[in-house]
Structures are given as C-alpha cells and as structure tokens.
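Visitor: Data: entry.cif, mmCIF, C-alpha atoms and all ligand atoms.
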data_protein
#
loop_
_atom_site.group_PDB
_atom_site.id
_atom_site.type_symbol
_atom_site.label_atom_id
_atom_site.label_comp_id
_atom_site.auth_asym_id
_atom_site.auth_seq_id
_atom_site.Cartn_x
_atom_site.Cartn_y
_atom_site.Cartn_z
ATOM 1 C CA MET F 9 -41.907 -40.065 53.006
ATOM 2 C CA LYS F 10 -43.258 -36.963 54.600
ATOM 3 C CA TYR F 11 -44.954 -33.947 53.232
ATOM 4 C CA ILE F 12 -42.601 -31.361 54.565
ATOM 5 C CA LEU F 13 -42.199 -28.142 52.714
ATOM 6 C CA HIS F 14 -39.640 -25.955 54.413
ATOM 7 C CA PHE F 15 -41.304 -22.569 54.153
ATOM 8 C CA GLU F 16 -39.307 -21.445 57.161
ATOM 9 C CA ASP F 17 -36.082 -21.957 55.171
ATOM 10 C CA VAL F 18 -37.120 -19.682 52.317
ATOM 11 C CA CYS F 19 -35.150 -16.483 52.789
ATOM 12 C CA THR F 20 -33.408 -13.697 50.962
ATOM 13 C CA GLN F 21 -29.655 -13.911 50.648
ATOM 14 C CA THR F 22 -27.766 -10.686 50.054
ATOM 15 C CA ILE F 23 -24.923 -10.933 47.553
ATOM 16 C CA LYS F 24 -21.853 -8.806 48.152
ATOM 17 C CA THR F 25 -19.192 -8.525 45.472
ATOM 18 C CA ASP F 26 -17.088 -5.995 43.554
ATOM 19 C CA TRP F 27 -19.264 -5.722 40.426
ATOM 20 C CA LEU F 28 -22.204 -4.768 42.627
ATOM 21 C CA LEU F 29 -20.188 -2.241 44.618
ATOM 22 C CA GLN F 30 -18.758 -0.677 41.471
ATOM 23 C CA ASN F 31 -22.246 -0.141 40.104
ATOM 24 C CA GLN F 32 -23.873 0.713 43.436
ATOM 25 C CA VAL F 33 -26.394 -2.044 42.801
ATOM 26 C CA SER F 34 -27.864 -4.172 45.584
ATOM 27 C CA LEU F 35 -28.687 -7.813 44.838
ATOM 28 C CA ASP F 36 -30.825 -10.140 46.932
ATOM 29 C CA VAL F 37 -31.558 -13.750 46.033
ATOM 30 C CA LEU F 38 -34.920 -15.173 47.059
ATOM 31 C CA ARG F 39 -34.134 -18.778 47.934
ATOM 32 C CA ILE F 40 -37.329 -20.657 47.096
ATOM 33 C CA ASP F 41 -35.017 -23.534 46.141
ATOM 34 C CA ARG F 42 -34.877 -24.205 49.881
ATOM 35 C CA LEU F 43 -38.537 -25.186 50.009
ATOM 36 C CA HIS F 44 -37.895 -28.846 49.229
ATOM 37 C CA GLU F 45 -35.058 -30.875 47.758
ATOM 38 C CA ILE F 46 -37.193 -32.524 45.088
ATOM 39 C CA ILE F 47 -40.298 -30.381 44.617
ATOM 40 C CA SER F 48 -37.898 -27.586 44.482
ATOM 41 C CA GLY F 49 -38.859 -23.993 44.242
ATOM 42 C CA ASN F 50 -41.322 -22.776 41.734
ATOM 43 C CA LYS F 51 -42.851 -26.177 40.929
ATOM 44 C CA TRP F 52 -44.799 -26.364 44.170
ATOM 45 C CA PHE F 53 -46.121 -22.839 43.693
ATOM 46 C CA LYS F 54 -47.195 -23.617 40.127
ATOM 47 C CA LEU F 55 -48.768 -27.013 40.818
ATOM 48 C CA GLN F 56 -50.776 -26.381 43.968
ATOM 49 C CA TYR F 57 -53.966 -25.099 42.325
ATOM 50 C CA TYR F 58 -53.971 -27.828 39.681
ATOM 51 C CA LEU F 59 -53.842 -30.475 42.375
ATOM 52 C CA GLN F 60 -56.567 -28.751 44.294
ATOM 53 C CA LYS F 61 -58.788 -28.638 41.205
ATOM 54 C CA ALA F 62 -58.148 -32.293 40.406
ATOM 55 C CA LYS F 63 -59.174 -33.292 43.917
ATOM 56 C CA GLU F 64 -62.212 -31.026 43.984
ATOM 57 C CA ASN F 65 -63.415 -32.583 40.755
ATOM 58 C CA ASN F 66 -62.824 -36.109 42.044
ATOM 59 C CA TYR F 67 -60.126 -37.143 39.629
ATOM 60 C CA ASP F 68 -57.885 -39.939 40.838
ATOM 61 C CA THR F 69 -55.206 -39.531 38.166
ATOM 62 C CA ILE F 70 -53.152 -36.578 36.989
ATOM 63 C CA ALA F 71 -51.117 -36.652 33.805
ATOM 64 C CA THR F 72 -48.626 -34.193 32.409
ATOM 65 C CA PHE F 73 -45.862 -33.760 29.860
ATOM 66 C CA GLY F 74 -42.125 -33.228 30.079
ATOM 67 C CA GLY F 75 -38.602 -34.079 29.011
ATOM 68 C CA ALA F 76 -36.376 -36.759 30.512
ATOM 69 C CA TYR F 77 -34.742 -34.315 32.943
ATOM 70 C CA SER F 78 -37.853 -32.329 33.758
ATOM 71 C CA ASN F 79 -38.181 -30.796 37.220
ATOM 72 C CA HIS F 80 -41.885 -30.512 36.487
ATOM 73 C CA ILE F 81 -42.257 -34.273 35.947
ATOM 74 C CA ILE F 82 -40.582 -35.179 39.196
ATOM 75 C CA ALA F 83 -42.404 -32.513 41.192
ATOM 76 C CA THR F 84 -45.726 -33.727 39.782
ATOM 77 C CA ALA F 85 -44.866 -37.333 40.647
ATOM 78 C CA TYR F 86 -43.950 -36.369 44.186
ATOM 79 C CA LEU F 87 -46.937 -34.124 44.845
ATOM 80 C CA CYS F 88 -49.367 -36.684 43.420
ATOM 81 C CA LYS F 89 -47.911 -39.354 45.652
ATOM 82 C CA LEU F 90 -48.340 -37.104 48.664
ATOM 83 C CA ALA F 91 -51.868 -36.169 47.649
ATOM 84 C CA GLY F 92 -52.849 -39.794 47.116
ATOM 85 C CA LEU F 93 -53.356 -39.347 43.380
ATOM 86 C CA LYS F 94 -52.055 -41.549 40.579
ATOM 87 C CA SER F 95 -49.763 -39.883 38.094
ATOM 88 C CA ILE F 96 -48.773 -40.366 34.483
ATOM 89 C CA GLY F 97 -45.817 -38.678 32.811
ATOM 90 C CA ILE F 98 -45.814 -38.362 29.043
ATOM 91 C CA ILE F 99 -42.102 -38.171 28.241
ATOM 92 C CA ARG F 100 -40.664 -36.532 25.147
ATOM 93 C CA GLY F 101 -38.525 -38.906 23.060
ATOM 94 C CA GLU F 102 -37.991 -42.657 23.080
ATOM 95 C CA ALA F 103 -36.674 -44.291 26.230
ATOM 96 C CA ALA F 104 -32.888 -44.336 26.390
ATOM 97 C CA LEU F 105 -30.975 -47.449 27.373
ATOM 98 C CA TYR F 106 -29.827 -45.714 30.494
ATOM 99 C CA MET F 107 -32.667 -44.159 32.467
ATOM 100 C CA PRO F 108 -31.954 -40.596 33.599
ATOM 101 C CA HIS F 109 -32.005 -39.964 37.329
ATOM 102 C CA THR F 110 -35.111 -37.786 37.146
ATOM 103 C CA LEU F 111 -37.197 -40.479 35.459
ATOM 104 C CA GLU F 112 -35.936 -43.195 37.735
ATOM 105 C CA GLN F 113 -37.030 -41.159 40.717
ATOM 106 C CA ALA F 114 -40.407 -40.373 39.163
ATOM 107 C CA LEU F 115 -40.898 -44.087 38.577
ATOM 108 C CA ASN F 116 -39.994 -44.827 42.185
ATOM 109 C CA LEU F 117 -42.616 -42.305 43.254
ATOM 110 C CA GLY F 118 -45.200 -44.363 41.420
ATOM 111 C CA MET F 119 -45.515 -42.348 38.235
ATOM 112 C CA ARG F 120 -46.379 -44.294 35.114
ATOM 113 C CA LEU F 121 -44.021 -43.177 32.354
ATOM 114 C CA ILE F 122 -45.073 -43.208 28.737
ATOM 115 C CA HIS F 123 -42.457 -42.347 26.153
ATOM 116 C CA VAL F 124 -43.627 -40.823 22.904
ATOM 117 C CA SER F 125 -41.598 -39.713 19.896
ATOM 118 C CA ARG F 126 -40.676 -36.061 19.599
ATOM 119 C CA ALA F 127 -43.105 -35.695 16.711
ATOM 120 C CA GLU F 128 -45.999 -37.239 18.646
ATOM 121 C CA PHE F 129 -45.173 -35.187 21.714
ATOM 122 C CA LYS F 130 -45.928 -31.977 19.822
ATOM 123 C CA ASP F 131 -49.590 -32.935 19.452
ATOM 124 C CA ALA F 132 -50.820 -33.003 23.040
ATOM 125 C CA GLY F 133 -54.452 -33.112 21.912
ATOM 126 C CA ARG F 134 -53.918 -36.399 20.095
ATOM 127 C CA ILE F 135 -52.198 -37.968 23.103
ATOM 128 C CA LYS F 136 -54.971 -36.890 25.470
ATOM 129 C CA GLU F 137 -57.621 -38.525 23.298
ATOM 130 C CA LYS F 138 -56.195 -41.933 24.165
ATOM 131 C CA PHE F 139 -56.973 -41.596 27.875
ATOM 132 C CA LYS F 140 -60.147 -41.192 29.877
ATOM 133 C CA ASN F 141 -60.890 -39.524 33.212
ATOM 134 C CA ILE F 142 -57.550 -37.873 33.583
ATOM 135 C CA TYR F 143 -56.824 -34.437 34.952
ATOM 136 C CA TRP F 144 -54.301 -32.989 32.489
ATOM 137 C CA ILE F 145 -51.665 -30.445 33.369
ATOM 138 C CA ASN F 146 -49.797 -28.710 30.558
ATOM 139 C CA GLU F 147 -46.080 -29.157 30.088
ATOM 140 C CA GLY F 148 -44.268 -27.015 32.653
ATOM 141 C CA GLY F 149 -47.544 -26.343 34.480
ATOM 142 C CA TYR F 150 -48.290 -23.645 31.944
ATOM 143 C CA GLY F 151 -51.635 -21.980 32.526
ATOM 144 C CA ILE F 152 -53.672 -19.507 34.536
ATOM 145 C CA ALA F 153 -53.786 -21.707 37.650
ATOM 146 C CA GLY F 154 -49.998 -22.088 37.512
ATOM 147 C CA ALA F 155 -49.480 -18.341 37.292
ATOM 148 C CA LYS F 156 -51.954 -17.848 40.126
ATOM 149 C CA GLY F 157 -49.817 -20.087 42.324
ATOM 150 C CA ALA F 158 -46.637 -18.273 41.295
ATOM 151 C CA LYS F 159 -48.186 -14.990 42.431
ATOM 152 C CA GLN F 160 -47.382 -16.060 45.992
ATOM 153 C CA ILE F 161 -43.622 -16.259 45.421
ATOM 154 C CA LEU F 162 -42.793 -12.595 46.048
ATOM 155 C CA SER F 163 -44.626 -12.623 49.358
ATOM 156 C CA TYR F 164 -41.740 -14.694 50.747
ATOM 157 C CA CYS F 165 -39.435 -11.649 50.531
ATOM 158 C CA ASP F 166 -39.099 -9.534 53.650
ATOM 159 C CA ASP F 167 -39.850 -6.406 51.651
ATOM 160 C CA PRO F 168 -40.829 -7.261 48.051
ATOM 161 C CA GLY F 169 -41.751 -3.677 47.239
ATOM 162 C CA LYS F 170 -38.253 -2.311 47.679
ATOM 163 C CA TYR F 171 -36.777 -3.738 44.470
ATOM 164 C CA SER F 172 -36.536 -1.817 41.194
ATOM 165 C CA HIS F 173 -35.848 -4.972 39.164
ATOM 166 C CA ILE F 174 -36.917 -8.594 39.586
ATOM 167 C CA ILE F 175 -35.144 -11.309 37.600
ATOM 168 C CA CYS F 176 -36.260 -14.879 37.087
ATOM 169 C CA SER F 177 -35.550 -17.779 34.802
ATOM 170 C CA VAL F 178 -38.090 -18.659 32.130
ATOM 171 C CA GLY F 179 -39.161 -22.038 30.784
ATOM 172 C CA SER F 180 -42.871 -22.025 30.024
ATOM 173 C CA GLY F 181 -43.219 -18.438 31.272
ATOM 174 C CA THR F 182 -45.755 -19.361 33.952
ATOM 175 C CA MET F 183 -43.642 -18.249 36.898
ATOM 176 C CA MET F 184 -42.722 -14.995 35.193
ATOM 177 C CA ALA F 185 -46.401 -14.258 34.547
ATOM 178 C CA GLY F 186 -47.118 -14.815 38.249
ATOM 179 C CA ILE F 187 -44.267 -12.495 39.207
ATOM 180 C CA ILE F 188 -45.517 -9.795 36.851
ATOM 181 C CA LEU F 189 -49.049 -10.148 38.208
ATOM 182 C CA SER F 190 -47.900 -9.776 41.789
ATOM 183 C CA ALA F 191 -45.242 -7.068 41.391
ATOM 184 C CA LYS F 192 -45.796 -3.429 42.202
ATOM 185 C CA ASN F 193 -46.697 -1.356 39.161
ATOM 186 C CA ASP F 194 -43.329 0.285 38.710
ATOM 187 C CA GLN F 195 -41.146 -2.784 39.207
ATOM 188 C CA ILE F 196 -39.324 -3.992 36.103
ATOM 189 C CA ILE F 197 -39.363 -7.747 35.509
ATOM 190 C CA PHE F 198 -36.649 -9.420 33.446
ATOM 191 C CA GLY F 199 -37.009 -13.058 32.411
ATOM 192 C CA ILE F 200 -34.038 -15.088 31.243
ATOM 193 C CA SER F 201 -35.074 -17.748 28.771
ATOM 194 C CA ALA F 202 -33.475 -21.154 29.270
ATOM 195 C CA MET F 203 -34.103 -21.915 25.615
ATOM 196 C CA LYS F 204 -32.523 -20.853 22.372
ATOM 197 C CA GLY F 205 -34.668 -18.503 20.322
ATOM 198 C CA ASN F 206 -38.085 -19.269 21.802
ATOM 199 C CA ARG F 207 -39.738 -16.125 20.483
ATOM 200 C CA GLU F 208 -43.215 -17.405 21.314
ATOM 201 C CA LEU F 209 -42.533 -16.864 24.987
ATOM 202 C CA VAL F 210 -43.559 -13.245 25.093
ATOM 203 C CA HIS F 211 -46.959 -14.162 23.662
ATOM 204 C CA LYS F 212 -47.362 -17.083 26.034
ATOM 205 C CA ILE F 213 -46.617 -14.833 28.998
ATOM 206 C CA LYS F 214 -48.956 -12.158 27.734
ATOM 207 C CA ALA F 215 -51.755 -14.706 27.380
ATOM 208 C CA LEU F 216 -51.521 -15.406 31.106
ATOM 209 C CA LEU F 217 -51.737 -11.706 31.934
ATOM 210 C CA ASP F 218 -54.854 -10.965 29.914
ATOM 211 C CA ASN F 219 -57.886 -9.695 31.778
ATOM 212 C CA GLU F 220 -55.649 -8.216 34.417
ATOM 213 C CA SER F 221 -54.478 -4.643 34.301
ATOM 214 C CA VAL F 222 -50.731 -4.988 34.144
ATOM 215 C CA ASN F 223 -48.595 -1.947 33.537
ATOM 216 C CA ASN F 224 -45.236 -3.336 34.519
ATOM 217 C CA PRO F 225 -42.401 -3.111 32.060
ATOM 218 C CA TYR F 226 -41.138 -6.620 31.392
ATOM 219 C CA ARG F 227 -38.750 -8.202 28.942
ATOM 220 C CA VAL F 228 -37.489 -11.675 28.073
ATOM 221 C CA PHE F 229 -33.797 -12.091 27.220
ATOM 222 C CA HIS F 230 -32.841 -14.841 24.776
ATOM 223 C CA ASP F 231 -29.053 -14.732 24.744
ATOM 224 C CA TYR F 232 -28.121 -16.592 27.906
ATOM 225 C CA HIS F 233 -28.877 -20.201 26.952
ATOM 226 C CA PHE F 234 -25.215 -21.392 26.786
ATOM 227 C CA GLY F 235 -25.880 -23.340 23.595
ATOM 228 C CA GLY F 236 -29.507 -24.310 24.132
ATOM 229 C CA TYR F 237 -31.978 -25.769 26.589
ATOM 230 C CA ALA F 238 -30.234 -27.956 29.219
ATOM 231 C CA LYS F 239 -26.871 -27.573 27.451
ATOM 232 C CA HIS F 240 -24.110 -27.267 29.991
ATOM 233 C CA PRO F 241 -20.688 -26.580 28.520
ATOM 234 C CA PRO F 242 -17.592 -26.562 30.771
ATOM 235 C CA SER F 243 -17.764 -22.757 30.920
ATOM 236 C CA LEU F 244 -21.104 -23.033 32.714
ATOM 237 C CA MET F 245 -19.775 -25.614 35.188
ATOM 238 C CA LEU F 246 -16.828 -23.344 35.938
ATOM 239 C CA TYR F 247 -19.155 -20.439 36.485
ATOM 240 C CA MET F 248 -21.381 -22.470 38.815
ATOM 241 C CA ASN F 249 -18.401 -23.500 40.927
ATOM 242 C CA GLU F 250 -17.276 -19.884 41.080
ATOM 243 C CA VAL F 251 -20.720 -18.698 42.168
ATOM 244 C CA TRP F 252 -20.698 -21.334 44.881
ATOM 245 C CA GLU F 253 -17.226 -20.406 46.109
ATOM 246 C CA GLN F 254 -17.854 -16.675 46.093
ATOM 247 C CA HIS F 255 -21.415 -16.490 47.359
ATOM 248 C CA GLN F 256 -22.290 -19.952 48.738
ATOM 249 C CA LEU F 257 -25.084 -19.983 46.200
ATOM 250 C CA PRO F 258 -25.856 -23.375 44.639
ATOM 251 C CA THR F 259 -27.345 -23.103 41.137
ATOM 252 C CA ASP F 260 -28.689 -25.624 38.629
ATOM 253 C CA ILE F 261 -27.480 -26.328 35.095
ATOM 254 C CA VAL F 262 -30.764 -25.724 33.274
ATOM 255 C CA TYR F 263 -32.230 -22.552 34.726
ATOM 256 C CA THR F 264 -30.749 -20.676 37.636
ATOM 257 C CA ALA F 265 -27.031 -20.723 36.742
ATOM 258 C CA LYS F 266 -27.801 -19.199 33.374
ATOM 259 C CA ALA F 267 -30.171 -16.645 34.871
ATOM 260 C CA PHE F 268 -27.624 -15.674 37.527
ATOM 261 C CA TYR F 269 -24.967 -15.286 34.850
ATOM 262 C CA ALA F 270 -27.388 -13.053 32.967
ATOM 263 C CA THR F 271 -28.000 -10.974 36.085
ATOM 264 C CA GLU F 272 -24.289 -10.352 36.493
ATOM 265 C CA ASP F 273 -23.947 -9.491 32.811
ATOM 266 C CA LEU F 274 -26.938 -7.121 32.766
ATOM 267 C CA ILE F 275 -25.593 -5.279 35.797
ATOM 268 C CA LYS F 276 -22.026 -5.063 34.454
ATOM 269 C CA ASN F 277 -23.317 -3.784 31.117
ATOM 270 C CA ARG F 278 -25.669 -1.364 32.843
ATOM 271 C CA ILE F 279 -28.795 -2.685 31.132
ATOM 272 C CA ILE F 280 -29.763 -2.709 34.779
ATOM 273 C CA PRO F 281 -28.726 0.843 35.629
ATOM 274 C CA GLN F 282 -26.477 1.890 38.479
ATOM 275 C CA LYS F 283 -28.109 2.296 41.888
ATOM 276 C CA SER F 284 -30.769 -0.317 41.134
ATOM 277 C CA ASP F 285 -32.107 -2.697 43.762
ATOM 278 C CA VAL F 286 -32.335 -6.136 42.226
ATOM 279 C CA LEU F 287 -34.114 -9.284 43.342
ATOM 280 C CA PHE F 288 -33.088 -12.589 41.782
ATOM 281 C CA ILE F 289 -35.532 -15.481 42.196
ATOM 282 C CA HIS F 290 -33.719 -18.731 42.846
ATOM 283 C CA SER F 291 -36.439 -20.953 41.465
ATOM 284 C CA GLY F 292 -34.865 -24.280 42.461
ATOM 285 C CA GLY F 293 -34.082 -27.141 40.090
ATOM 286 C CA LEU F 294 -31.029 -28.397 41.937
ATOM 287 C CA GLN F 295 -32.087 -32.044 41.527
ATOM 288 C CA GLY F 296 -31.168 -31.658 37.834
ATOM 289 C CA ASN F 297 -27.482 -31.459 38.800
ATOM 290 C CA LEU F 298 -27.652 -35.126 39.823
ATOM 291 C CA SER F 299 -27.467 -36.048 36.148
ATOM 292 C CA LEU F 300 -23.867 -34.751 36.027
ATOM 293 C CA PRO F 301 -20.857 -37.017 36.519
ATOM 294 C CA PRO F 302 -19.767 -37.023 40.178
ATOM 295 C CA LYS F 303 -17.361 -34.244 41.225
ATOM 296 C CA THR F 304 -18.239 -32.010 38.262
ATOM 297 C CA LEU F 305 -19.509 -29.500 40.790
ATOM 298 C CA THR F 306 -17.891 -28.530 44.059
ATOM 299 C CA PHE F 307 -21.188 -28.318 45.948
HETATM 300 C C1 LIG S 1 -39.435 -25.122 35.744
HETATM 301 C C2 LIG S 1 -38.389 -24.167 36.199
HETATM 302 C C3 LIG S 1 -38.312 -22.851 35.713
HETATM 303 C C4 LIG S 1 -39.218 -22.321 34.646
HETATM 304 O O1 LIG S 1 -40.467 -21.975 35.131
HETATM 305 P P1 LIG S 1 -41.627 -21.616 34.116
HETATM 306 O O2 LIG S 1 -42.754 -21.243 34.964
HETATM 307 O O3 LIG S 1 -41.919 -22.865 33.317
HETATM 308 O O4 LIG S 1 -41.147 -20.537 33.227
HETATM 309 C C5 LIG S 1 -37.345 -22.021 36.233
HETATM 310 N N1 LIG S 1 -36.477 -22.460 37.158
HETATM 311 C C6 LIG S 1 -36.505 -23.717 37.641
HETATM 312 C C7 LIG S 1 -35.505 -24.128 38.630
HETATM 313 C C8 LIG S 1 -37.452 -24.612 37.175
HETATM 314 O O5 LIG S 1 -37.456 -25.872 37.640
#
Would you write out, as structure tokens, the structure that this file holds?
Ligand SMILES: *Cc1c(COP(=O)(O)O)cnc(C)c1O
Guide:
Amino acid sequence: MKYILHFEDVCTQTIKTDWLLQNQVSLDVLRIDRLHEIISGNKWFKLQYYLQKAKENNYDTIATFGGAYSNHIIATAYLCKLAGLKSIGIIRGEAALYMPHTLEQALNLGMRLIHVSRAEFKDAGRIKEKFKNIYWINEGGYGIAGAKGAKQILSYCDDPGKYSHIICSVGSGTMMAGIILSAKNDQIIFGISAMKGNRELVHKIKALLDNESVNNPYRVFHDYHFGGYAKHPPSLMLYMNEVWEQHQLPTDIVYTAKAFYATEDLIKNRIIPQKSDVLFIHSGGLQGNLSLPPKTLTF
C-alpha cells in the first residue's frame, strides 16, 4: 500500500447543459474526489493537522467516532496506517450480522472497531474516560484544526476568486467553515446539509469561524436530504445515473449527489441568480457507493 495522493488529478470540470445556458450561469466542479479512492476528497484536508498534532505530541494511537458507513472512519484508518499510528473507531450502534463494506475495510487497515449503542455514542466524554493516552478526533473531524485543513481546498481551483457562489455538502460543517474562511469577502457560500433538520449546524459552523473576521454571506439549506442522512431512494439513484450520463460526473449517495441536485434546483429556481458563476465542491465519498447492490449505478 502506497501513500499516493493524486494532487495532480484534482481539477475543475466545467458543466455544460441547458438549465445553465437558460440562466446564463456558469458551473465548475472542483474534483477533490480525485485525490484518492479511499481517503477521498475532503477527509484528507480535514485530517492532516490532527495527524500532525498527534505525531508531534508523541501519541501512538488515534481514536475517533463515526457511523457504519462513515467516510471519516475509513479515511482515519487509512491515514493512521500510512502514518504508522494505531487507530480505534468508535462505531455508532451495535454490530450488524453483516459487516458493512466500510467497516470491513477499516478493519483490514488495522483499525480496532468498538461498537457502542446509539445512546452511549451520544456521550463522547464518557467513552473517552475509558481509554488512556489516546489522541481523540471528533466525529467527522469537527474542529478548528479540521477547518484549517479545509482552508486549502479552494487553492486547487485555477481561479478561485472568479466565482460568485461556492456550494458544498455539509455533514459536521467543518469543510464549509474552511471554505468560508478561505473565500474572498464577497463570495456567497451555500452548504447543503446531508441530514434532516440539523438546525444546530449553523451554530457549529459559526463556532469554527469565531476569532476570524468573516463577512461572507453564507447559508445552510436543509431540504435536500432525500428522506434523511444516508437515505437513498430510487429517485436519487436515477438522478445519479443521469448526472453520470450527462456530465460524466460520478457522485456519492450520502453527500455529493444530494448537493449537486440542490445546485441544479437553486439555479433553476433562481435562488442563485442569473449570470452567476458557481463553483461546486465535489468532496469525494465515492467509496460509500460500494454498499449498494451491484449494478444499481451505471458508473
Ligand atoms: C464527510 C463528507 C462531507 C461532510 O464534510 P463536513 O466537513 O463533515 O461537513 C461532505 N462530503 C463528503 C463526500 C464527505 O465524505
């Protein structure tokens, strides 16, 4: 296994289609999904400073939290393996009879998996008390160091300053905070929540922006979850296949397909006004599609 991150493959892809033409809107997709097939996209950006801190402070084990399909869990497992650190994943919910692909892979990467009930999972403090000498990373890499890493994402655009609107998917809000912190003052940032009704998000994002003078307008949209976090009804699968056929853009079921759908909807409904220049961050997550039955997707 080699530590190869394909920075040279990160690029912007210009989307051309009738609903953009009709509204005189330009749309570029920043393909950070192309960085790595497993540590895909934003997870490397968010985790890098945590790993650095753990090493600097001579920890030999990193532990973090996540669900059974979590991109964050697998990225942490992979990066720890590469960095020569041990890793522990605290997994939400009891172990199922059939182990999801993500967890199986994390296990193969040497991560120790500890399942806790949903109720226990909510009290991270209590869980942490049971371990010693561990460098803890919050669920989803949430935190200042995560946002600091995500500040580098926009620099992979040829011309990040030219966009009026930047759109990204939102889980913990860490990436969005990094985008806001690194955007030009007048750029508008829209986050598309992957969850149903997570109204805390705005506060969590704001907490990562404190102490910095941020004037950017930003907003989190809550109506594009397709039934809830990680829910993937047939309508979403159909949409993903369409997006692939029309634009050769692969998306994932949890985050980027929903955010891309939102982008199309916001442009068609002119929430994003005509003549805007839009950047969509493709944050990765494609490994999550492996949990689908074969042939569900055409890519
Ligand atoms: C984790 C993840 C997100 C959410 O990022 P946050 O910083 O937690 O908001 C978005 N897209 C993909 C593909 C992810 O894996």
Visitor: Name the closest residue to ligand LIG 1 (chain S) among the candidates F:Leu217, F:Ile196, F:Ala265, F:Leu246; distances are taken between atoms, counting all atoms listed in the file.
Guide: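 Answer, going by the shortest atom-to-atom distance: F:Ala265.
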Visitor: Taking all listed atoms of ligand LIG 1 (chain S), build the axis-aligned box, pad each of the six sides by 4 Å, then write its centre and edge lengths in Å to one decimal as AutoDock Vina command-line options.
Guide:
--center_x -39.1 --center_y -23.2 --center_z 35.9 --size_x 15.2 --size_y 13.3 --size_z 13.4
Visitor: Starting from the shown file, work through the PyMOL selection byres (((not hetatm)) within 6 of (chain S and resi 1)) and note down what comes out as a JSON list (two decimals) with C-alpha atoms, in the coordinates of the input.
Guide:
[["chain", "number", "residue", "atom", "x", "y", "z"],
["F", 79, "ASN", "CA", -38.18, -30.80, 37.22],
["F", 80, "HIS", "CA", -41.88, -30.51, 36.49],
["F", 148, "GLY", "CA", -44.27, -27.02, 32.65],
["F", 177, "SER", "CA", -35.55, -17.78, 34.80],
["F", 178, "VAL", "CA", -38.09, -18.66, 32.13],
["F", 179, "GLY", "CA", -39.16, -22.04, 30.78],
["F", 180, "SER", "CA", -42.87, -22.02, 30.02],
["F", 181, "GLY", "CA", -43.22, -18.44, 31.27],
["F", 182, "THR", "CA", -45.76, -19.36, 33.95],
["F", 183, "MET", "CA", -43.64, -18.25, 36.90],
["F", 263, "TYR", "CA", -32.23, -22.55, 34.73],
["F", 264, "THR", "CA", -30.75, -20.68, 37.64],
["F", 291, "SER", "CA", -36.44, -20.95, 41.46],
["F", 292, "GLY", "CA", -34.86, -24.28, 42.46],
["F", 293, "GLY", "CA", -34.08, -27.14, 40.09]]
Visitor: So that I can check the surroundings of Ser284 in chain F, please list as a PyMOL selection string every protein, DNA and RNA residue that reaches within 8 Å of it, counting only C-alpha atoms and ignoring chain neighbours fewer than 5 positions away.
Guide: chain F and resi 32-34+171-173
Visitor: Name the residues that the PyMOL selection byres (((chain F and resi 52) around 9) and not hetatm) picks from the file above, as a list of chain:residue names, using the file's chain letters and numbers.
Guide: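 In the shown coordinates, the PyMOL selection byres (((chain F and resi 52) around 9) and not hetatm) covers F:Leu43, F:His44, F:Ile47, F:Ser48, F:Gly49, F:Asn50, F:Lys51, F:Phe53, F:Lys54, F:Leu55, F:Gln56, F:Ala83, F:Thr84, F:Leu87, F:Gly157, F:Ala158.
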Visitor: Pick from F:Lys159, F:Leu59, F:Ile81, F:Ile152: nearest to Asn219 in chain F, with only C-alpha atoms counted?
Guide: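 Of F:Lys159, F:Leu59, F:Ile81, F:Ile152, the one nearest Asn219 in chain F is F:Ile152, counting only C-alpha atoms.
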Visitor: Mind pulling up the distance from CA of Ala153 in chain F to CA of Ile197 in chain F?
Guide: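 CA of Ala153 in chain F lies at a distance of 20.2 Å from CA of Ile197 in chain F.
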Visitor: Closest to Pro168 in chain F among F:Thr20, F:Thr306, F:Asn66, F:Asn31, using all atoms listed in the file?
Guide: F:Thr20
Visitor: Please compute the CA of Phe234 in chain F-CA of Ile98 in chain F distance, one decimal, in Å.
Guide: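 Computing the Euclidean distance for CA of Phe234 in chain F and CA of Ile98 in chain F yields 26.8 Å.
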Visitor: Write out as a list of chain:residue names which residues come within 7 Å of Gly97 in chain F when counting only C-alpha atoms, dropping same-chain ones fewer than 4 positions away.
Guide: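 Residues near the query, excluding close chain neighbours: F:Ala71, F:Thr72, F:Phe73, F:Ile81, F:Met119, F:Arg120, F:Leu121, F:Ile122.
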Visitor: Can those selected residues be exported to a file as a PDB file, in the coordinates of the input so that it contains C-alpha atoms?
Guide:
ATOM      1  CA  ALA F  71     -51.117 -36.652  33.805  1.00  0.00           C
ATOM      2  CA  THR F  72     -48.626 -34.193  32.409  1.00  0.00           C
ATOM      3  CA  PHE F  73     -45.862 -33.760  29.860  1.00  0.00           C
ATOM      4  CA  ILE F  81     -42.257 -34.273  35.947  1.00  0.00           C
ATOM      5  CA  MET F 119     -45.515 -42.348  38.235  1.00  0.00           C
ATOM      6  CA  ARG F 120     -46.379 -44.294  35.114  1.00  0.00           C
ATOM      7  CA  LEU F 121     -44.021 -43.177  32.354  1.00  0.00           C
ATOM      8  CA  ILE F 122     -45.073 -43.208  28.737  1.00  0.00           C
TER       9      ILE F 122
END
Visitor: Pull range 274-285 of chain F out of the block and emit C-alpha atoms, as a JSON list (two decimals), in the first residue's frame.
Guide:
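Done, and the output landed in part_12.json:
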[["chain", "number", "residue", "atom", "x", "y", "z"],
["F", 274, "LEU", "CA", -31.18, 26.50, -6.68],
["F", 275, "ILE", "CA", -30.11, 27.62, -10.14],
["F", 276, "LYS", "CA", -33.40, 26.64, -11.80],
["F", 277, "ASN", "CA", -35.36, 28.43, -9.08],
["F", 278, "ARG", "CA", -33.06, 31.44, -9.29],
["F", 279, "ILE", "CA", -32.12, 31.38, -5.61],
["F", 280, "ILE", "CA", -28.76, 31.53, -7.33],
["F", 281, "PRO", "CA", -29.48, 34.45, -9.64],
["F", 282, "GLN", "CA", -28.96, 34.52, -13.38],
["F", 283, "LYS", "CA", -25.45, 35.31, -14.61],
["F", 284, "SER", "CA", -23.83, 33.83, -11.50],
["F", 285, "ASP", "CA", -20.54, 31.96, -11.61]]
